[in-house]
$ cat entry-v8.pdb   # PDB, C-alpha atoms and all ligand atoms
ATOM      1  CA  MET A   4       0.000   0.000   0.000  1.00  0.00           C
ATOM      2  CA  PHE A   5       1.299   3.454  -0.944  1.00  0.00           C
ATOM      3  CA  SER A   6      -0.177   6.756   0.064  1.00  0.00           C
ATOM      4  CA  SER A   7       0.178   8.292  -3.389  1.00  0.00           C
ATOM      5  CA  ILE A   8       1.328   7.682  -6.959  1.00  0.00           C
ATOM      6  CA  ASN A   9       4.542   9.568  -6.159  1.00  0.00           C
ATOM      7  CA  GLU A  10       5.788   6.658  -4.058  1.00  0.00           C
ATOM      8  CA  LEU A  11       5.755   4.247  -7.003  1.00  0.00           C
ATOM      9  CA  THR A  12       8.674   3.325  -9.255  1.00  0.00           C
ATOM     10  CA  GLU A  13       8.826   5.380 -12.453  1.00  0.00           C
ATOM     11  CA  ALA A  14       7.575   2.414 -14.511  1.00  0.00           C
ATOM     12  CA  ASP A  15       4.581   1.778 -12.248  1.00  0.00           C
ATOM     13  CA  LYS A  16       3.811   5.482 -12.021  1.00  0.00           C
ATOM     14  CA  SER A  17       3.733   5.901 -15.790  1.00  0.00           C
ATOM     15  CA  LEU A  18       1.445   2.870 -16.179  1.00  0.00           C
ATOM     16  CA  LEU A  19      -0.998   4.245 -13.613  1.00  0.00           C
ATOM     17  CA  LEU A  20      -0.963   7.591 -15.427  1.00  0.00           C
ATOM     18  CA  GLU A  21      -1.851   5.680 -18.627  1.00  0.00           C
ATOM     19  CA  ALA A  22      -4.741   3.963 -16.837  1.00  0.00           C
ATOM     20  CA  ARG A  23      -6.000   7.310 -15.545  1.00  0.00           C
ATOM     21  CA  SER A  24      -5.861   8.711 -19.048  1.00  0.00           C
ATOM     22  CA  ALA A  25      -7.594   5.611 -20.485  1.00  0.00           C
ATOM     23  CA  THR A  26     -10.712   6.439 -18.433  1.00  0.00           C
ATOM     24  CA  GLN A  27     -11.371   8.901 -21.283  1.00  0.00           C
ATOM     25  CA  LYS A  28     -11.929   5.950 -23.624  1.00  0.00           C
ATOM     26  CA  SER A  29     -14.759   4.602 -21.493  1.00  0.00           C
ATOM     27  CA  TYR A  30     -18.282   4.306 -22.854  1.00  0.00           C
ATOM     28  CA  ALA A  31     -20.336   4.248 -19.670  1.00  0.00           C
ATOM     29  CA  PRO A  32     -23.591   6.149 -20.216  1.00  0.00           C
ATOM     30  CA  TYR A  33     -25.496   3.835 -17.871  1.00  0.00           C
ATOM     31  CA  SER A  34     -23.264   3.653 -14.808  1.00  0.00           C
ATOM     32  CA  ASN A  35     -21.278   6.860 -15.366  1.00  0.00           C
ATOM     33  CA  PHE A  36     -18.398   4.891 -13.891  1.00  0.00           C
ATOM     34  CA  HIS A  37     -15.404   5.267 -16.183  1.00  0.00           C
ATOM     35  CA  VAL A  38     -12.716   2.639 -15.730  1.00  0.00           C
ATOM     36  CA  GLY A  39      -9.354   2.723 -17.486  1.00  0.00           C
ATOM     37  CA  ALA A  40      -6.783  -0.053 -17.634  1.00  0.00           C
ATOM     38  CA  ALA A  41      -3.252  -0.060 -19.015  1.00  0.00           C
ATOM     39  CA  ALA A  42      -1.127  -3.139 -19.578  1.00  0.00           C
ATOM     40  CA  ARG A  43       2.621  -3.357 -19.969  1.00  0.00           C
ATOM     41  CA  LEU A  44       3.804  -6.266 -22.106  1.00  0.00           C
ATOM     42  CA  GLN A  45       7.056  -8.130 -21.689  1.00  0.00           C
ATOM     43  CA  SER A  46       8.585  -6.054 -24.523  1.00  0.00           C
ATOM     44  CA  GLY A  47       7.768  -2.863 -22.626  1.00  0.00           C
ATOM     45  CA  SER A  48       4.939  -1.853 -24.989  1.00  0.00           C
ATOM     46  CA  VAL A  49       1.882  -0.398 -23.288  1.00  0.00           C
ATOM     47  CA  LEU A  50      -1.754  -0.990 -24.312  1.00  0.00           C
ATOM     48  CA  SER A  51      -4.789   0.611 -22.759  1.00  0.00           C
ATOM     49  CA  GLY A  52      -8.554   0.356 -22.839  1.00  0.00           C
ATOM     50  CA  ALA A  53     -11.707   1.181 -20.949  1.00  0.00           C
ATOM     51  CA  ASN A  54     -15.082  -0.261 -20.016  1.00  0.00           C
ATOM     52  CA  GLN A  55     -17.642  -0.437 -22.813  1.00  0.00           C
ATOM     53  CA  GLU A  56     -21.282  -0.598 -21.761  1.00  0.00           C
ATOM     54  CA  ASN A  57     -24.397  -1.598 -23.677  1.00  0.00           C
ATOM     55  CA  ALA A  58     -28.129  -0.911 -23.379  1.00  0.00           C
ATOM     56  CA  ALA A  59     -28.377  -4.665 -22.847  1.00  0.00           C
ATOM     57  CA  PHE A  60     -26.495  -4.340 -19.567  1.00  0.00           C
ATOM     58  CA  PRO A  61     -24.843  -7.792 -19.208  1.00  0.00           C
ATOM     59  CA  ILE A  62     -23.063  -7.334 -22.527  1.00  0.00           C
ATOM     60  CA  GLY A  63     -20.906  -4.575 -21.068  1.00  0.00           C
ATOM     61  CA  MET A  64     -17.172  -5.221 -20.903  1.00  0.00           C
ATOM     62  CA  CYS A  65     -14.923  -4.219 -18.037  1.00  0.00           C
ATOM     63  CA  ALA A  66     -11.751  -2.284 -18.825  1.00  0.00           C
ATOM     64  CA  GLU A  67      -9.525  -5.116 -17.614  1.00  0.00           C
ATOM     65  CA  ARG A  68     -11.013  -7.690 -19.977  1.00  0.00           C
ATOM     66  CA  VAL A  69     -10.979  -5.218 -22.876  1.00  0.00           C
ATOM     67  CA  VAL A  70      -7.234  -4.799 -22.396  1.00  0.00           C
ATOM     68  CA  LEU A  71      -6.476  -8.496 -21.841  1.00  0.00           C
ATOM     69  CA  ALA A  72      -8.373  -9.408 -25.022  1.00  0.00           C
ATOM     70  CA  THR A  73      -6.578  -6.664 -26.976  1.00  0.00           C
ATOM     71  CA  ALA A  74      -3.185  -7.894 -25.758  1.00  0.00           C
ATOM     72  CA  ALA A  75      -3.892 -11.573 -26.435  1.00  0.00           C
ATOM     73  CA  SER A  76      -5.317 -10.818 -29.895  1.00  0.00           C
ATOM     74  CA  ASN A  77      -2.597  -8.474 -31.112  1.00  0.00           C
ATOM     75  CA  PHE A  78       0.470  -9.702 -29.222  1.00  0.00           C
ATOM     76  CA  PRO A  79      -0.257 -13.389 -28.583  1.00  0.00           C
ATOM     77  CA  GLN A  80       3.373 -14.241 -27.831  1.00  0.00           C
ATOM     78  CA  GLU A  81       3.891 -11.482 -25.291  1.00  0.00           C
ATOM     79  CA  PRO A  82       2.780 -11.919 -21.695  1.00  0.00           C
ATOM     80  CA  VAL A  83       1.204  -8.996 -19.874  1.00  0.00           C
ATOM     81  CA  THR A  84       3.553  -8.299 -16.975  1.00  0.00           C
ATOM     82  CA  THR A  85       1.711  -5.428 -15.262  1.00  0.00           C
ATOM     83  CA  MET A  86      -1.765  -3.929 -15.361  1.00  0.00           C
ATOM     84  CA  ALA A  87      -2.787  -0.600 -13.844  1.00  0.00           C
ATOM     85  CA  ILE A  88      -6.452   0.159 -13.193  1.00  0.00           C
ATOM     86  CA  SER A  89      -8.021   3.529 -12.474  1.00  0.00           C
ATOM     87  CA  TYR A  90     -11.453   5.126 -12.637  1.00  0.00           C
ATOM     88  CA  GLU A  91     -13.448   8.311 -12.649  1.00  0.00           C
ATOM     89  CA  SER A  92     -17.007   8.417 -11.377  1.00  0.00           C
ATOM     90  CA  LYS A  93     -19.667  11.066 -11.872  1.00  0.00           C
ATOM     91  CA  GLY A  94     -21.198   9.756  -8.643  1.00  0.00           C
ATOM     92  CA  GLY A  95     -18.304  10.511  -6.322  1.00  0.00           C
ATOM     93  CA  PRO A  96     -14.608  11.124  -5.835  1.00  0.00           C
ATOM     94  CA  SER A  97     -11.872   8.977  -7.331  1.00  0.00           C
ATOM     95  CA  ASP A  98      -9.643   9.023  -4.292  1.00  0.00           C
ATOM     96  CA  HIS A  99      -9.097   5.350  -3.447  1.00  0.00           C
ATOM     97  CA  PRO A 100      -8.216   2.159  -5.348  1.00  0.00           C
ATOM     98  CA  ILE A 101     -10.849  -0.121  -6.880  1.00  0.00           C
ATOM     99  CA  SER A 102     -10.151  -3.784  -7.435  1.00  0.00           C
ATOM    100  CA  PRO A 103     -11.177  -5.978 -10.370  1.00  0.00           C
ATOM    101  CA  CYS A 104     -14.595  -7.676 -10.327  1.00  0.00           C
ATOM    102  CA  GLY A 105     -14.835 -11.450  -9.972  1.00  0.00           C
ATOM    103  CA  MET A 106     -15.152 -12.069 -13.705  1.00  0.00           C
ATOM    104  CA  CYS A 107     -12.005 -10.034 -14.381  1.00  0.00           C
ATOM    105  CA  ARG A 108     -10.134 -11.838 -11.607  1.00  0.00           C
ATOM    106  CA  GLN A 109     -10.923 -15.138 -13.289  1.00  0.00           C
ATOM    107  CA  THR A 110      -9.784 -13.737 -16.666  1.00  0.00           C
ATOM    108  CA  LEU A 111      -6.571 -12.368 -15.171  1.00  0.00           C
ATOM    109  CA  GLN A 112      -5.942 -15.729 -13.544  1.00  0.00           C
ATOM    110  CA  GLU A 113      -6.335 -17.495 -16.902  1.00  0.00           C
ATOM    111  CA  ALA A 114      -3.882 -15.041 -18.509  1.00  0.00           C
ATOM    112  CA  GLU A 115      -1.344 -15.788 -15.778  1.00  0.00           C
ATOM    113  CA  SER A 116      -1.642 -19.545 -16.140  1.00  0.00           C
ATOM    114  CA  ARG A 117      -1.650 -19.348 -19.944  1.00  0.00           C
ATOM    115  CA  THR A 118       1.622 -17.400 -20.041  1.00  0.00           C
ATOM    116  CA  GLY A 119       3.171 -18.788 -16.868  1.00  0.00           C
ATOM    117  CA  ARG A 120       3.881 -15.236 -15.718  1.00  0.00           C
ATOM    118  CA  PRO A 121       2.396 -13.271 -12.832  1.00  0.00           C
ATOM    119  CA  ILE A 122       0.507 -10.080 -13.693  1.00  0.00           C
ATOM    120  CA  LYS A 123       1.337  -7.328 -11.234  1.00  0.00           C
ATOM    121  CA  LEU A 124      -1.643  -5.070 -10.495  1.00  0.00           C
ATOM    122  CA  ILE A 125      -1.435  -1.353  -9.705  1.00  0.00           C
ATOM    123  CA  LEU A 126      -4.743  -0.072  -8.374  1.00  0.00           C
ATOM    124  CA  GLY A 127      -5.408   3.609  -7.847  1.00  0.00           C
ATOM    125  CA  GLY A 128      -7.910   6.376  -8.417  1.00  0.00           C
ATOM    126  CA  MET A 129      -7.214   9.817  -9.834  1.00  0.00           C
ATOM    127  CA  GLU A 130      -5.685  10.665  -6.486  1.00  0.00           C
ATOM    128  CA  GLY A 131      -4.974   9.041  -3.140  1.00  0.00           C
ATOM    129  CA  ALA A 132      -3.662   5.645  -2.072  1.00  0.00           C
ATOM    130  CA  VAL A 133      -2.312   3.065  -4.468  1.00  0.00           C
ATOM    131  CA  TYR A 134      -2.227  -0.709  -3.973  1.00  0.00           C
ATOM    132  CA  VAL A 135       0.376  -2.831  -5.713  1.00  0.00           C
ATOM    133  CA  ILE A 136      -0.370  -6.567  -5.828  1.00  0.00           C
ATOM    134  CA  GLU A 137       2.420  -8.799  -7.081  1.00  0.00           C
ATOM    135  CA  SER A 138       0.194 -11.343  -8.798  1.00  0.00           C
ATOM    136  CA  ALA A 139      -3.443 -11.033  -9.872  1.00  0.00           C
ATOM    137  CA  GLY A 140      -3.945 -14.635  -8.717  1.00  0.00           C
ATOM    138  CA  GLN A 141      -3.592 -13.447  -5.125  1.00  0.00           C
ATOM    139  CA  LEU A 142      -7.059 -11.947  -5.524  1.00  0.00           C
ATOM    140  CA  LEU A 143      -8.592 -15.296  -6.431  1.00  0.00           C
ATOM    141  CA  PRO A 144      -7.821 -18.004  -3.884  1.00  0.00           C
ATOM    142  CA  LEU A 145      -8.951 -21.540  -4.735  1.00  0.00           C
ATOM    143  CA  ALA A 146      -9.446 -20.535  -8.349  1.00  0.00           C
ATOM    144  CA  PHE A 147     -11.082 -22.890 -10.803  1.00  0.00           C
ATOM    145  CA  THR A 148      -8.408 -23.562 -13.430  1.00  0.00           C
ATOM    146  CA  SER A 149      -7.795 -25.580 -16.591  1.00  0.00           C
ATOM    147  CA  THR A 150      -6.146 -28.368 -14.604  1.00  0.00           C
ATOM    148  CA  GLU A 151      -9.662 -29.533 -13.642  1.00  0.00           C
ATOM    149  CA  LEU A 152     -10.570 -30.050 -17.294  1.00  0.00           C
ATOM    150  CA  LYS A 153      -7.773 -32.452 -18.198  1.00  0.00           C
TER     151      LYS A 153
HETATM  152  N1  LIG B   1     -16.007  -1.990 -14.239  1.00  0.00           N
HETATM  153  C1  LIG B   1     -14.786  -2.167 -14.820  1.00  0.00           C
HETATM  154  O1  LIG B   1     -14.578  -1.842 -16.004  1.00  0.00           O
HETATM  155  N2  LIG B   1     -13.801  -2.702 -14.066  1.00  0.00           N
HETATM  156  C2  LIG B   1     -13.901  -2.989 -12.739  1.00  0.00           C
HETATM  157  O2  LIG B   1     -12.932  -3.431 -12.141  1.00  0.00           O
HETATM  158  C3  LIG B   1     -15.165  -2.771 -12.039  1.00  0.00           C
HETATM  159  C4  LIG B   1     -16.318  -2.354 -12.882  1.00  0.00           C
HETATM  160  C5  LIG B   1     -17.069  -1.361 -15.034  1.00  0.00           C
HETATM  161  C6  LIG B   1     -18.220  -2.223 -15.413  1.00  0.00           C
HETATM  162  C7  LIG B   1     -19.315  -1.207 -15.626  1.00  0.00           C
HETATM  163  O3  LIG B   1     -19.208  -0.668 -16.940  1.00  0.00           O
HETATM  164  C8  LIG B   1     -18.985  -0.103 -14.648  1.00  0.00           C
HETATM  165  O4  LIG B   1     -17.621  -0.291 -14.295  1.00  0.00           O
HETATM  166  C9  LIG B   1     -19.834  -0.116 -13.389  1.00  0.00           C
HETATM  167  O5  LIG B   1     -19.848  -1.371 -12.817  1.00  0.00           O
END
$ encode --input "entry-v8.pdb" --output "C-alpha cells"
Amino acid sequence: MFSSINELTEADKSLLLEARSATQKSYAPYSNFHVGAAARLQSGSVLSGANQENAAFPIGMCAERVVLATAASNFPQEPVTTMAISYESKGGPSDHPISPCGMCRQTLQEAESRTGRPIKLILGGMEGAVYVIESAGQLLPLAFTSTELK
C-alpha cells in the first residue's frame, strides 16, 4: 500500500498515469463509472482500454477484460507483466483504489496460467492511495483452473 502515486517506481507510475488517461476511452452512459486499464507487455509496450457498456447491460465489458483481449489478440506471444487500473465516477470522488470484479479476476488468472507469468496489479484512483499486488492470482484463492478439465 502506498499513500500516493509519487511513491511508485517510475515504470509503475507511468502505467498508472496511462490507466488514468484511459478512463477517457470509457463508454459508460449507464453507470457513469469510467474505468481505465493499461497493460505493460514483456517487450515494454503499453496498451490501454476502458469499459464499454451496452443498453443490454450484461453485454458490457470491463476495462480489464478489454485490455487483456486486446493484448492476447494483437500480441499473442507477449505476456502482460503489469496492469494498472483507475477510474473516474460522476457519482463521487476517485480518491481510493478499486479492485477488479470477480469475472475479471478469473480472466486475469487465466492469462497468468496461460503465459506462466504473474501479472502485477497497480490499483489507484485519480488521487490518493495506491495498492500494488504482485500477482493477480492473489485476488482469487482456490481458483477454478484448466487443470480440472484435463
Ligand atoms: N467496471 C470495470 O470496467 N472494471 C472494474 O474493475 C469494475 C467495474 C465497469 C463495469 C461497468 O461498466 C462499470 O464499471 C460499473 O460497474
$ resolve_selection --input "entry-v8.pdb" --expression "the PyMOL selection byres (((not hetatm)) within 8 of (chain B and resi 1))" --output "list of chain:residue names"
A:Tyr30, A:Ala31, A:Tyr33, A:Ser34, A:Asn35, A:Phe36, A:His37, A:Val38, A:Gly39, A:Ala53, A:Asn54, A:Gln55, A:Glu56, A:Gly63, A:Met64, A:Cys65, A:Ala66, A:Glu67, A:Arg68, A:Ile88, A:Ile101, A:Ser102, A:Pro103, A:Cys104, A:Cys107
$ resolve_selection --input "entry-v8.pdb" --expression "the PyMOL selection byres (((chain A and resi 46) around 10) and not hetatm)" --output "ChimeraX atom specification"
/A:43-45,47-49,81-84
$ closest_residue --input "entry-v8.pdb" --among "A:Gly128, A:Pro100, A:Gly105, A:Pro144" --to "Thr26 of chain A" --atoms "all atoms listed in the file"
A:Gly128
$ closest_residue --input "entry-v8.pdb" --among "A:Pro61, A:Glu10, A:Ala87, A:Lys93" --to "Ile125 of chain A" --atoms "all atoms listed in the file"
A:Ala87
$ closest_residue --input "entry-v8.pdb" --among "A:Met86, A:Leu142, A:Val135, A:Ala41" --to "Ile122 of chain A" --atoms "all atoms listed in the file"
A:Met86
$ closest_residue --input "entry-v8.pdb" --among "A:Ser89, A:Thr150, A:Thr110, A:Gln141" --to "Ser29 of chain A" --atoms "all atoms listed in the file"
A:Ser89
$ resolve_selection --input "entry-v8.pdb" --expression "the PyMOL selection byres (((chain A and resi 133) around 6) and not hetatm)" --output "PyMOL selection string"
chain A and resi 4-5+7+126-127+132+134
$ write_last_selection --input "entry-v8.pdb" --atoms "C-alpha atoms" --output "PDB file, in the frame of the given file"
ATOM      1  CA  MET A   4       0.000   0.000   0.000  1.00  0.00           C
ATOM      2  CA  PHE A   5       1.299   3.454  -0.944  1.00  0.00           C
ATOM      3  CA  SER A   7       0.178   8.292  -3.389  1.00  0.00           C
ATOM      4  CA  LEU A 126      -4.743  -0.072  -8.374  1.00  0.00           C
ATOM      5  CA  GLY A 127      -5.408   3.609  -7.847  1.00  0.00           C
ATOM      6  CA  ALA A 132      -3.662   5.645  -2.072  1.00  0.00           C
ATOM      7  CA  TYR A 134      -2.227  -0.709  -3.973  1.00  0.00           C
TER       8      TYR A 134
END
$ atom_distance --input "entry-v8.pdb" --atom1 "atom CA of Leu11 of chain A" --atom2 "atom CA of Glu130 of chain A"
13.1 Å
$ closest_residue --input "entry-v8.pdb" --among "A:Ser116, A:Leu152, A:Leu50, A:Pro96" --to "Ala74 of chain A" --atoms "only C-alpha atoms"
A:Leu50
$ atom_distance --input "entry-v8.pdb" --atom1 "atom CA of Arg23 of chain A" --atom2 "atom CA of Tyr90 of chain A"
6.6 Å
$ residues_around --input "entry-v8.pdb" --residues "Gln112 of chain A" --least-positions-apart "4" --cutoff "8 Å" --atoms "all atoms listed in the file" --output "list in words"
Arg108, Ser116, Ala139, Gly140, Leu143 and Ala146 of chain A
$ atom_distance --input "entry-v8.pdb" --atom1 "atom CA of Glu151 of chain A" --atom2 "atom CA of Thr118 of chain A"
17.8 Å
